[in-house]
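Chemist: Just input_27.cif, nothing more (mmCIF, C-alpha atoms):
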```
data_model
loop_
_atom_site.label_atom_id
_atom_site.label_comp_id
_atom_site.auth_asym_id
_atom_site.auth_seq_id
_atom_site.Cartn_x
_atom_site.Cartn_y
_atom_site.Cartn_z
CA MET A 1332 102.81 9.94 59.21
CA GLU A 1333 100.72 7.92 61.61
CA VAL A 1334 101.48 4.30 62.35
CA ALA A 1335 98.66 1.79 62.11
CA GLN A 1336 97.93 0.14 65.35
CA PRO A 1337 96.62 -3.42 65.60
CA LYS A 1338 93.42 -2.07 67.06
CA ASP A 1339 92.87 0.14 64.02
CA LEU A 1340 93.62 -2.72 61.68
CA LYS A 1341 91.10 -4.86 63.50
CA GLU A 1342 88.45 -2.16 63.26
CA ASP A 1343 89.19 -1.69 59.55
CA PHE A 1344 88.91 -5.41 59.02
CA VAL A 1345 85.59 -5.51 60.86
CA LEU A 1346 84.27 -2.56 58.81
CA ALA A 1347 85.43 -4.15 55.54
CA LYS A 1348 83.80 -7.42 56.56
CA ARG A 1349 80.57 -5.62 57.33
CA ARG A 1350 80.68 -3.80 54.00
CA HIS A 1351 81.26 -7.06 52.17
CA ALA A 1352 78.41 -8.78 54.09
CA GLU A 1353 76.14 -5.83 53.31
CA LEU A 1354 77.01 -6.02 49.59
CA VAL A 1355 76.40 -9.77 49.58
CA ARG A 1356 73.09 -9.25 51.41
CA GLN A 1357 72.01 -6.57 48.95
CA LYS A 1358 72.83 -8.86 46.00
CA ARG A 1359 70.93 -11.64 47.64
CA ILE A 1360 67.86 -9.48 48.44
CA PHE A 1361 67.60 -7.05 45.51
CA ASN A 1362 68.46 -9.51 42.68
CA ALA A 1363 65.05 -10.92 41.69
CA ARG A 1364 66.62 -13.73 39.64
CA ASN A 1365 68.83 -15.20 42.36
CA ARG A 1366 66.83 -14.19 45.45
CA ILE A 1367 65.57 -17.14 47.47
CA ILE A 1368 64.55 -15.34 50.67
CA GLY A 1369 60.78 -15.60 51.29
CA GLY A 1370 60.38 -18.39 48.64
CA ASP A 1371 59.73 -22.13 48.79
CA THR A 1372 62.82 -23.66 47.15
CA THR A 1373 61.51 -27.20 47.59
CA ALA A 1374 58.34 -26.41 45.69
CA TRP A 1375 60.38 -24.65 43.06
CA ASP A 1376 62.60 -27.68 42.62
CA ALA A 1377 59.50 -29.93 42.39
CA GLN A 1378 58.01 -27.64 39.74
CA VAL A 1379 61.26 -27.66 37.74
CA CYS A 1380 61.36 -31.47 37.96
CA ASP A 1381 57.71 -31.73 36.84
CA GLN A 1382 58.38 -29.41 33.90
CA ASN A 1383 61.40 -31.48 32.84
CA ILE A 1384 59.34 -34.68 33.06
CA LYS A 1385 56.53 -33.05 31.08
CA ALA A 1386 58.94 -31.84 28.38
CA ALA A 1387 60.51 -35.32 28.13
CA THR A 1388 57.08 -36.94 27.89
CA GLU A 1389 55.99 -34.52 25.14
CA LYS A 1390 59.24 -35.10 23.28
CA ALA A 1391 58.77 -38.89 23.45
CA ARG A 1392 55.16 -38.56 22.26
CA ASP A 1393 56.20 -36.31 19.36
CA GLU A 1394 58.88 -38.82 18.34
CA ALA A 1395 56.29 -41.66 18.48
CA PHE A 1396 53.92 -39.58 16.35
CA ALA A 1397 56.68 -38.84 13.85
CA ALA A 1398 57.58 -42.53 13.59
CA GLU A 1399 53.94 -43.45 13.12
CA MET A 1400 53.57 -40.77 10.43
CA ARG A 1401 56.61 -42.06 8.58
CA GLN A 1402 55.20 -45.57 8.74
CA ASN A 1403 51.81 -44.35 7.45
CA ASP A 1404 53.50 -42.43 4.60
CA LYS A 1405 55.40 -45.53 3.57
CA ILE A 1406 52.22 -47.64 3.64
CA ALA A 1407 50.35 -44.97 1.61
CA CYS A 1408 53.10 -44.88 -1.04
CA ILE A 1409 53.07 -48.68 -1.34
CA SER A 1410 49.22 -48.66 -1.63
CA GLU A 1411 49.30 -45.92 -4.27
CA ASN A 1412 51.90 -47.76 -6.38
CA ARG A 1413 49.89 -50.97 -6.13
CA GLU A 1414 46.66 -49.17 -7.12
CA ARG A 1415 48.41 -47.50 -10.09
CA ARG A 1416 49.75 -50.86 -11.26
CA ASP A 1417 46.34 -52.51 -10.87
CA ARG A 1418 44.65 -49.69 -12.82
CA LYS A 1419 47.20 -50.02 -15.61
CA ASN A 1420 46.67 -53.79 -15.82
CA LEU A 1421 42.88 -53.30 -15.83
CA CYS A 1422 43.03 -50.77 -18.68
CA LYS A 1423 45.25 -53.10 -20.67
CA ALA A 1424 42.87 -56.01 -20.14
CA ILE A 1425 39.87 -53.85 -21.19
CA ASN A 1426 41.65 -52.76 -24.39
CA ASP A 1427 42.54 -56.37 -25.23
CA PHE A 1428 38.96 -57.47 -24.65
CA GLN A 1429 37.60 -54.68 -26.86
CA GLN A 1430 40.04 -55.51 -29.64
CA SER A 1431 39.07 -59.18 -29.47
CA PHE A 1432 35.30 -59.20 -28.74
CA GLN A 1433 34.00 -55.65 -29.27
CA ARG A 1434 35.07 -54.67 -32.75
CA PRO A 1435 33.32 -51.68 -34.37
CA GLU A 1436 31.62 -53.68 -37.11
CA THR A 1437 29.95 -55.95 -34.49
CA ARG A 1438 28.14 -53.09 -32.81
CA ARG A 1439 24.44 -52.54 -33.35
CA GLU A 1440 24.80 -48.84 -34.26
CA PHE A 1441 27.80 -49.35 -36.53
CA ASP A 1442 25.68 -48.42 -39.56
CA LEU A 1443 25.44 -44.86 -38.20
CA SER A 1444 29.21 -44.31 -38.29
CA ASP A 1445 30.20 -46.73 -41.08
CA PRO A 1446 32.63 -44.91 -43.48
CA LEU A 1447 31.39 -47.09 -46.41
CA ALA A 1448 27.70 -46.54 -45.66
CA LEU A 1449 27.10 -44.45 -48.82
CA LYS A 1450 28.62 -47.10 -51.05
CA LYS A 1451 26.57 -49.86 -49.45
CA ASP A 1452 23.27 -47.95 -49.31
CA ARG A 1453 20.56 -48.12 -52.04
CA PRO A 1454 19.05 -45.05 -53.77
CA ALA A 1455 16.61 -43.00 -51.71
CA ARG A 1456 13.71 -43.79 -54.13
CA GLN A 1457 13.42 -46.47 -56.79
CA SER A 1458 9.77 -45.84 -57.74
CA ASP A 1459 6.80 -43.67 -56.80
CA TYR A 1460 5.31 -46.46 -54.69
CA ASP A 1461 8.50 -47.51 -52.85
CA ALA A 1462 7.65 -48.88 -49.37
CA ARG A 1463 10.67 -47.13 -47.90
CA ASN A 1464 9.33 -43.67 -48.80
CA THR A 1465 7.53 -42.96 -45.53
CA ILE A 1466 6.22 -39.56 -44.46
CA SER A 1467 9.13 -38.95 -42.09
CA GLY A 1468 11.64 -39.77 -44.84
CA MET A 1469 10.57 -36.73 -46.94
CA GLN A 1470 11.76 -38.33 -50.23
CA LYS A 1471 8.61 -37.64 -52.25
CA PHE A 1472 6.79 -34.26 -52.44
CA MET A 1473 3.88 -33.00 -54.47
CA GLY A 1474 4.98 -32.50 -58.09
CA GLU A 1475 8.16 -34.62 -57.87
CA ASP A 1476 6.81 -37.95 -59.14
CA LEU A 1477 8.52 -39.88 -62.00
CA ASN A 1478 5.56 -39.27 -64.42
CA PHE A 1479 6.02 -35.50 -64.16
CA HIS A 1480 6.15 -34.79 -67.94
CA LEU A 1481 3.03 -36.82 -68.81
CA ARG A 1482 1.16 -35.32 -65.92
CA LYS A 1483 2.21 -31.79 -66.93
CA LYS A 1484 1.00 -32.33 -70.54
CA PHE A 1485 -2.35 -33.68 -69.26
CA GLN A 1486 -2.70 -30.66 -66.97
CA GLU A 1487 -2.03 -28.23 -69.85
CA GLU A 1488 -4.74 -29.93 -71.96
CA GLN A 1489 -7.10 -29.80 -69.04
CA ASN A 1490 -6.39 -26.08 -68.48
CA ARG A 1491 -7.13 -25.36 -72.18
CA GLU A 1492 -10.48 -27.19 -71.94
CA TRP A 1493 -11.33 -25.24 -68.79
CA SER A 1494 -10.43 -21.96 -70.48
CA LEU A 1495 -12.69 -22.68 -73.47
CA GLN A 1496 -15.51 -23.66 -71.15
CA GLN A 1497 -15.07 -20.47 -69.12
CA GLN A 1498 -15.19 -18.33 -72.30
CA LYS A 1499 -18.40 -20.06 -73.41
CA GLU A 1500 -19.97 -19.57 -69.98
CA ARG A 1501 -18.91 -15.90 -69.96
CA MET A 1502 -20.61 -15.29 -73.37
CA ILE A 1503 -23.83 -17.03 -72.21
CA GLY A 1504 -23.75 -14.92 -69.04
CA ARG A 1505 -23.42 -11.69 -71.04
CA GLU A 1506 -26.41 -12.62 -73.22
CA ASN A 1507 -28.48 -13.48 -70.13
CA GLN A 1508 -27.48 -10.21 -68.49
CA LYS A 1509 -28.50 -8.23 -71.61
CA CYS A 1510 -31.91 -9.95 -71.70
CA ALA A 1511 -32.40 -9.25 -68.01
CA GLU A 1512 -31.54 -5.58 -68.49
CA ASP A 1513 -34.06 -5.23 -71.35
CA LEU A 1514 -36.75 -6.89 -69.26
CA TYR A 1515 -35.90 -4.62 -66.30
CA LEU A 1516 -36.14 -1.52 -68.55
CA LYS A 1517 -39.56 -2.54 -69.89
CA THR A 1518 -40.84 -3.28 -66.39
CA ARG A 1519 -39.51 0.05 -65.11
CA LEU A 1520 -41.31 1.96 -67.91
CA GLN A 1521 -44.56 0.15 -67.12
CA PHE A 1522 -44.19 0.96 -63.41
CA ASP A 1523 -43.58 4.64 -64.24
CA GLU A 1524 -46.73 4.86 -66.36
CA THR A 1525 -48.77 3.21 -63.59
CA ALA A 1526 -47.30 5.56 -60.98
CA LYS A 1527 -48.09 8.62 -63.11
CA HIS A 1528 -51.73 7.51 -63.52
CA LEU A 1529 -52.06 6.92 -59.77
CA GLN A 1530 -50.52 10.33 -59.05
CA ASP A 1531 -53.07 12.04 -61.32
CA LEU A 1532 -55.91 10.24 -59.55
CA GLU A 1533 -54.48 11.24 -56.17
CA THR A 1534 -54.23 14.91 -57.23
CA ALA A 1535 -57.83 14.99 -58.40
CA THR A 1536 -59.02 13.30 -55.19
CA ARG A 1537 -56.98 15.74 -53.05
CA LYS A 1538 -58.54 18.75 -54.84
CA ALA A 1539 -62.05 17.39 -54.24
CA VAL A 1540 -61.27 16.76 -50.56
CA CYS A 1541 -59.82 20.27 -50.16
CA ALA A 1542 -62.94 21.85 -51.66
CA THR A 1543 -65.21 19.81 -49.37
CA VAL A 1544 -63.12 20.70 -46.30
CA LYS A 1545 -63.13 24.38 -47.24
CA GLU A 1546 -66.92 24.42 -47.51
CA PHE A 1547 -67.24 22.61 -44.18
CA ASN A 1548 -64.86 25.03 -42.44
CA LYS A 1549 -66.81 27.98 -43.82
CA ASN A 1550 -70.09 26.62 -42.42
CA GLN A 1551 -68.38 25.92 -39.07
CA ALA A 1552 -67.01 29.48 -38.91
CA LEU A 1553 -70.48 30.96 -39.52
CA GLU A 1554 -72.02 28.75 -36.84
CA SER A 1555 -69.21 29.60 -34.38
CA ALA A 1556 -69.62 33.37 -34.99
CA GLU A 1557 -73.38 33.19 -34.43
CA LYS A 1558 -72.84 31.10 -31.29
CA LYS A 1559 -70.32 33.61 -29.90
CA ILE A 1560 -72.77 36.48 -30.50
CA GLN A 1561 -75.48 34.61 -28.57
CA GLU A 1562 -73.06 33.79 -25.72
CA ARG A 1563 -71.86 37.40 -25.48
CA LYS A 1564 -75.47 38.67 -25.36
CA GLN A 1565 -76.36 36.12 -22.63
CA GLU A 1566 -73.22 37.05 -20.65
CA GLN A 1567 -74.12 40.73 -20.75
CA GLU A 1568 -77.60 39.99 -19.45
CA ASP A 1569 -76.17 37.82 -16.64
CA ASN A 1570 -73.67 40.52 -15.66
CA LEU A 1571 -76.41 43.15 -15.46
CA ALA A 1572 -78.54 40.87 -13.28
CA GLU A 1573 -75.57 40.11 -10.97
CA ILE A 1574 -74.72 43.82 -10.61
CA SER A 1575 -78.31 44.63 -9.73
CA ASN A 1576 -78.43 41.86 -7.12
CA MET A 1577 -75.13 42.95 -5.58
CA LEU A 1578 -76.26 46.56 -5.30
CA ARG A 1579 -79.52 45.56 -3.65
CA GLY A 1580 -77.98 42.81 -1.44
CA ASP A 1581 -76.75 42.91 2.19
CA LEU A 1582 -73.08 42.48 1.24
CA LEU A 1583 -72.54 45.92 -0.26
CA SER A 1584 -75.15 47.65 1.86
CA GLU A 1585 -73.23 46.42 5.00
CA ASN A 1586 -76.27 45.45 6.98
CA PRO A 1587 -75.03 44.45 10.46
CA GLN A 1588 -77.95 42.11 10.99
CA GLN A 1589 -76.66 39.71 8.33
CA ALA A 1590 -73.66 38.78 10.56
CA ALA A 1591 -75.94 37.65 13.45
CA SER A 1592 -75.45 33.97 14.26
CA SER A 1593 -78.12 31.51 15.16
CA PHE A 1594 -75.97 30.08 18.00
CA GLY A 1595 -76.29 33.19 20.20
CA PRO A 1596 -76.03 37.00 20.31
CA HIS A 1597 -72.34 36.89 21.26
CA ARG A 1598 -71.37 35.01 18.07
CA VAL A 1599 -71.16 36.21 14.42
CA VAL A 1600 -70.86 34.67 10.95
CA PRO A 1601 -67.24 35.36 9.81
CA ASP A 1602 -67.94 35.65 6.09
CA ARG A 1603 -70.72 38.23 6.68
CA TRP A 1604 -69.25 40.27 9.54
CA LYS A 1605 -68.49 43.90 8.57
CA GLY A 1606 -66.59 45.05 11.67
CA MET A 1607 -67.14 46.14 15.29
CA SER A 1608 -69.17 49.06 16.55
CA GLN A 1609 -67.73 52.16 18.29
CA GLU A 1610 -68.72 50.90 21.76
CA GLN A 1611 -66.86 47.61 21.16
CA LEU A 1612 -63.80 49.50 19.88
CA GLU A 1613 -63.75 51.78 22.99
CA GLU A 1614 -63.98 48.75 25.27
CA ILE A 1615 -61.06 47.06 23.49
CA ARG A 1616 -58.91 50.23 23.71
CA LEU A 1617 -59.63 50.47 27.48
CA VAL A 1618 -58.60 46.84 28.00
CA GLN A 1619 -55.39 47.41 25.97
CA LYS A 1620 -54.55 50.46 28.09
CA HIS A 1621 -54.91 48.44 31.31
CA GLN A 1622 -52.71 45.71 29.77
CA VAL A 1623 -50.01 48.30 28.90
CA GLN A 1624 -49.99 49.66 32.45
CA GLU A 1625 -49.78 46.14 33.89
CA LYS A 1626 -46.89 45.32 31.56
CA LEU A 1627 -45.01 48.51 32.60
CA ARG A 1628 -45.49 47.58 36.26
CA LEU A 1629 -44.16 44.07 35.69
CA GLN A 1630 -41.15 45.44 33.76
CA GLU A 1631 -40.34 47.81 36.66
CA GLU A 1632 -40.51 44.95 39.15
CA GLU A 1633 -38.28 42.83 36.90
CA ARG A 1634 -35.76 45.69 36.63
CA GLN A 1635 -35.69 46.16 40.45
CA ARG A 1636 -35.21 42.41 40.92
CA ASP A 1637 -32.37 42.36 38.34
CA MET A 1638 -30.66 45.30 40.11
CA ASP A 1639 -30.93 43.48 43.43
CA TRP A 1640 -29.42 40.29 41.91
CA ASP A 1641 -26.59 42.31 40.26
CA ARG A 1642 -25.76 43.97 43.59
CA ARG A 1643 -25.65 40.59 45.35
CA ARG A 1644 -23.50 39.09 42.58
CA ILE A 1645 -21.02 41.99 42.78
CA GLN A 1646 -20.78 41.62 46.58
CA LYS A 1647 -20.21 37.89 46.28
CA ALA A 1648 -17.55 38.38 43.57
CA ARG A 1649 -15.78 40.98 45.74
CA ALA A 1650 -15.80 38.60 48.73
CA THR A 1651 -14.47 35.77 46.55
CA LEU A 1652 -11.68 38.01 45.20
CA LEU A 1653 -10.66 39.03 48.75
CA PHE A 1654 -10.64 35.38 49.85
CA GLU A 1655 -8.48 34.38 46.85
CA GLN A 1656 -6.00 37.20 47.59
CA GLN A 1657 -5.77 36.04 51.20
CA GLN A 1658 -5.20 32.44 50.08
CA GLN A 1659 -2.46 33.59 47.66
CA ARG A 1660 -0.71 35.49 50.49
CA LEU A 1661 -0.87 32.41 52.71
CA GLN A 1662 0.48 30.22 49.91
CA ARG A 1663 3.35 32.64 49.26
CA GLY A 1664 4.23 32.61 52.98
CA LEU A 1665 4.13 28.80 53.09
CA ARG A 1666 6.22 28.55 49.90
CA ARG A 1667 8.79 31.00 51.30
CA ALA A 1668 9.03 28.98 54.55
CA LEU A 1669 9.30 25.73 52.57
CA ASP A 1670 12.07 27.22 50.39
CA CYS A 1671 14.04 28.30 53.50
CA SER A 1672 13.62 24.84 55.02
CA ASN A 1673 14.73 23.14 51.77
CA LEU A 1674 17.75 25.48 51.53
CA SER A 1675 18.84 24.67 55.10
CA LEU A 1676 18.38 20.92 54.47
CA ALA A 1677 20.40 21.18 51.25
CA ARG A 1678 23.22 22.94 53.08
CA GLU A 1679 23.21 20.30 55.83
CA GLN A 1680 23.24 17.49 53.23
CA LEU A 1681 26.11 19.20 51.38
CA LEU A 1682 28.14 19.52 54.60
CA GLN A 1683 27.33 15.92 55.51
CA LYS A 1684 28.44 14.69 52.04
CA LYS A 1685 31.65 16.72 52.32
CA HIS A 1686 32.33 15.29 55.80
CA MET A 1687 31.65 11.72 54.61
CA LYS A 1688 33.95 12.27 51.61
CA GLU A 1689 36.75 13.44 53.93
CA LEU A 1690 36.24 10.43 56.20
CA CYS A 1691 36.34 8.07 53.21
CA THR A 1692 39.52 9.76 51.95
CA ASN A 1693 41.18 9.44 55.37
CA HIS A 1694 40.20 5.77 55.69
CA ALA A 1695 41.50 5.02 52.21
CA THR A 1696 44.81 6.75 53.01
CA GLU A 1697 45.18 4.82 56.27
CA ASP A 1698 44.43 1.52 54.49
CA TYR A 1699 46.96 2.32 51.77
CA PHE A 1700 49.72 3.11 54.32
CA THR A 1701 48.84 0.00 56.33
CA GLN A 1702 49.13 -2.20 53.25
CA PHE A 1703 52.35 -0.52 52.21
CA ASN A 1704 53.90 -1.03 55.66
CA THR A 1705 52.80 -4.67 55.70
CA GLY A 1706 54.35 -5.26 52.24
CA SER A 1707 57.60 -3.62 53.31
CA ARG A 1708 57.85 -5.91 56.33
#
```
Let's see the structure in the file written out as structure tokens.
Modeler:
Amino acid sequence: MEVAQPKDLKEDFVLAKRRHAELVRQKRIFNARNRIIGGDTTAWDAQVCDQNIKAATEKARDEAFAAEMRQNDKIACISENRERRDRKNLCKAINDFQQSFQRPETRREFDLSDPLALKKDRPARQSDYDARNTISGMQKFMGEDLNFHLRKKFQEEQNREWSLQQQKERMIGRENQKCAEDLYLKTRLQFDETAKHLQDLETATRKAVCATVKEFNKNQALESAEKKIQERKQEQEDNLAEISNMLRGDLLSENPQQAASSFGPHRVVPDRWKGMSQEQLEEIRLVQKHQVQEKLRLQEEERQRDMDWDRRRIQKARATLLFEQQQQRLQRGLRRALDCSNLSLAREQLLQKKHMKELCTNHATEDYFTQFNTGSR
């Protein structure tokens, strides 16, 4: 068993003191509620004092408001009671006044609601000529007069007289109608006899006219037949004369001299010309042959010229095709070079973006560590 030396006790005491100071320091630093290191305690105390003053001021204002509200409630209750009492007194005074000075029987329209109105009222109609029986009253209608029975008896007597008069008029009308029918029958018979006589006269006249017309038509037919025979005979004579003239004339004999024109030997009369001679026909055929040969020569020249133009067009098209193929090859070479250049530029841009991204990441990391170190200090 070792014996504690004073030096060891001193060292233990120093270590225990350090541990205690470290614990106290940790409580003072790491306790966010009680930590005062790095803070302005004076400002904090001033803020706490201001908050206390503000709370006291608000409390005093709320109490003043509450007192004022209680006072206002009391005043409102007193005013309401006074108004209720005044209204009650006013209603009582109005009722007393109505009972004293506004009784129902003193009103102007009391007769409309009077319970004894039927007992006090007079009958609706006292006579047929009562002044109160106006149109709007509807107390007197047709057939409701007081002399109804006398009027009804008078009307029955009047209807009987009218009936007798109508019967008498009906009998007179029948007699007049019978006379008129007899007269109409006699007149109709007379008209029939007259019409029959006129019809007989018309038949006789028609027969006479028909006989006259028949005789006239017969004479006309005979004259027409004789006239046709004469016309046919004259037409035959004319036809024979025309045939003889045509056979002896220049038209059918085809005399070439009849087509000679008076304007010169080289001209003819169209309606008398009978055709060309053999010499004229041979001359025309010779001219046509020369024209055919000339046309063949011109066609051959046209064909040679067309062949020459076709050959030139083919050569020009071939040269154009070769030039287009050369241009296409040049364009493909340029496009291939442009694609290579674009690819190299894209790669350089991609590397540059990657490098810039790394630089930005490094700068952000350095800024973050710098801020963290500054906060720790």
Chemist: In Å to one decimal, how far is CA of Arg1456 (chain A) from CA of Phe1472 (chain A)?
Modeler: 11.9 Å
Chemist: To one decimal in Å, tell me the separation between CA of Arg1598 (chain A) and CA of Gln1611 (chain A).
Modeler: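 Atom-to-atom, CA of Arg1598 (chain A) to CA of Gln1611 (chain A), that is 13.7 Å.
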Chemist: Quick one, how far is CA of Gln1457 (chain A) from CA of His1480 (chain A)?
Modeler: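 About the pair CA of Gln1457 (chain A) and CA of His1480 (chain A): they are 17.7 Å apart.
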Chemist: Please rebuild region 1666-1675 of chain A with all heavy atoms and give the result as a PDB file, keeping the file's coordinate frame.
Modeler:
```pdb
ATOM      1  N   ARG A1666       5.173  28.894  50.872  1.00  0.00           N
ATOM      2  CA  ARG A1666       6.220  28.550  49.900  1.00  0.00           C
ATOM      3  C   ARG A1666       7.573  29.146  50.322  1.00  0.00           C
ATOM      4  O   ARG A1666       8.612  28.509  50.178  1.00  0.00           O
ATOM      5  CB  ARG A1666       5.820  29.056  48.510  1.00  0.00           C
ATOM      6  CG  ARG A1666       6.736  28.545  47.410  1.00  0.00           C
ATOM      7  CD  ARG A1666       6.326  29.074  46.050  1.00  0.00           C
ATOM      8  NE  ARG A1666       5.011  28.591  45.670  1.00  0.00           N
ATOM      9  CZ  ARG A1666       3.899  29.347  45.635  1.00  0.00           C
ATOM     10  NH1 ARG A1666       3.969  30.635  45.940  1.00  0.00           N
ATOM     11  NH2 ARG A1666       2.746  28.819  45.292  1.00  0.00           N
ATOM     12  N   ARG A1667       7.534  30.384  50.857  1.00  0.00           N
ATOM     13  CA  ARG A1667       8.790  31.000  51.300  1.00  0.00           C
ATOM     14  C   ARG A1667       9.394  30.217  52.467  1.00  0.00           C
ATOM     15  O   ARG A1667      10.601  29.959  52.501  1.00  0.00           O
ATOM     16  CB  ARG A1667       8.509  32.445  51.705  1.00  0.00           C
ATOM     17  CG  ARG A1667       9.779  33.259  51.912  1.00  0.00           C
ATOM     18  CD  ARG A1667       9.452  34.699  52.295  1.00  0.00           C
ATOM     19  NE  ARG A1667       8.776  35.399  51.211  1.00  0.00           N
ATOM     20  CZ  ARG A1667       7.498  35.731  51.229  1.00  0.00           C
ATOM     21  NH1 ARG A1667       6.756  35.430  52.291  1.00  0.00           N
ATOM     22  NH2 ARG A1667       6.951  36.355  50.214  1.00  0.00           N
ATOM     23  N   ALA A1668       8.520  29.777  53.420  1.00  0.00           N
ATOM     24  CA  ALA A1668       9.030  28.980  54.550  1.00  0.00           C
ATOM     25  C   ALA A1668       9.563  27.635  54.073  1.00  0.00           C
ATOM     26  O   ALA A1668      10.615  27.164  54.525  1.00  0.00           O
ATOM     27  CB  ALA A1668       7.909  28.771  55.579  1.00  0.00           C
ATOM     28  N   LEU A1669       8.842  27.013  53.111  1.00  0.00           N
ATOM     29  CA  LEU A1669       9.300  25.730  52.570  1.00  0.00           C
ATOM     30  C   LEU A1669      10.633  25.879  51.822  1.00  0.00           C
ATOM     31  O   LEU A1669      11.521  25.018  51.938  1.00  0.00           O
ATOM     32  CB  LEU A1669       8.241  25.167  51.632  1.00  0.00           C
ATOM     33  CG  LEU A1669       8.535  23.778  51.031  1.00  0.00           C
ATOM     34  CD1 LEU A1669       8.653  22.738  52.139  1.00  0.00           C
ATOM     35  CD2 LEU A1669       7.415  23.391  50.066  1.00  0.00           C
ATOM     36  N   ASP A1670      10.799  26.982  51.103  1.00  0.00           N
ATOM     37  CA  ASP A1670      12.070  27.220  50.390  1.00  0.00           C
ATOM     38  C   ASP A1670      13.214  27.381  51.372  1.00  0.00           C
ATOM     39  O   ASP A1670      14.316  26.853  51.159  1.00  0.00           O
ATOM     40  CB  ASP A1670      11.953  28.463  49.508  1.00  0.00           C
ATOM     41  CG  ASP A1670      10.986  28.244  48.362  1.00  0.00           C
ATOM     42  OD1 ASP A1670      10.719  27.067  48.047  1.00  0.00           O
ATOM     43  OD2 ASP A1670      10.489  29.239  47.782  1.00  0.00           O
ATOM     44  N   CYS A1671      12.979  28.136  52.478  1.00  0.00           N
ATOM     45  CA  CYS A1671      14.040  28.300  53.500  1.00  0.00           C
ATOM     46  C   CYS A1671      14.401  26.951  54.118  1.00  0.00           C
ATOM     47  O   CYS A1671      15.585  26.642  54.317  1.00  0.00           O
ATOM     48  CB  CYS A1671      13.553  29.276  54.568  1.00  0.00           C
ATOM     49  SG  CYS A1671      13.329  30.977  53.975  1.00  0.00           S
ATOM     50  N   SER A1672      13.347  26.144  54.424  1.00  0.00           N
ATOM     51  CA  SER A1672      13.620  24.840  55.020  1.00  0.00           C
ATOM     52  C   SER A1672      14.404  23.946  54.048  1.00  0.00           C
ATOM     53  O   SER A1672      15.377  23.280  54.432  1.00  0.00           O
ATOM     54  CB  SER A1672      12.302  24.158  55.386  1.00  0.00           C
ATOM     55  OG  SER A1672      12.536  22.867  55.886  1.00  0.00           O
ATOM     56  N   ASN A1673      14.010  23.948  52.768  1.00  0.00           N
ATOM     57  CA  ASN A1673      14.730  23.140  51.770  1.00  0.00           C
ATOM     58  C   ASN A1673      16.175  23.617  51.610  1.00  0.00           C
ATOM     59  O   ASN A1673      17.098  22.815  51.442  1.00  0.00           O
ATOM     60  CB  ASN A1673      14.022  23.202  50.418  1.00  0.00           C
ATOM     61  CG  ASN A1673      12.691  22.494  50.455  1.00  0.00           C
ATOM     62  OD1 ASN A1673      12.483  21.583  51.257  1.00  0.00           O
ATOM     63  ND2 ASN A1673      11.764  22.920  49.600  1.00  0.00           N
ATOM     64  N   LEU A1674      16.395  24.934  51.656  1.00  0.00           N
ATOM     65  CA  LEU A1674      17.750  25.480  51.530  1.00  0.00           C
ATOM     66  C   LEU A1674      18.622  25.038  52.695  1.00  0.00           C
ATOM     67  O   LEU A1674      19.780  24.624  52.508  1.00  0.00           O
ATOM     68  CB  LEU A1674      17.689  27.001  51.430  1.00  0.00           C
ATOM     69  CG  LEU A1674      19.014  27.720  51.238  1.00  0.00           C
ATOM     70  CD1 LEU A1674      19.667  27.273  49.932  1.00  0.00           C
ATOM     71  CD2 LEU A1674      18.808  29.245  51.232  1.00  0.00           C
ATOM     72  N   SER A1675      18.056  25.092  53.929  1.00  0.00           N
ATOM     73  CA  SER A1675      18.840  24.670  55.100  1.00  0.00           C
ATOM     74  C   SER A1675      19.147  23.170  55.030  1.00  0.00           C
ATOM     75  O   SER A1675      20.262  22.726  55.317  1.00  0.00           O
ATOM     76  CB  SER A1675      18.073  25.000  56.374  1.00  0.00           C
ATOM     77  OG  SER A1675      16.845  24.291  56.397  1.00  0.00           O
TER      78      SER A1675
END
```
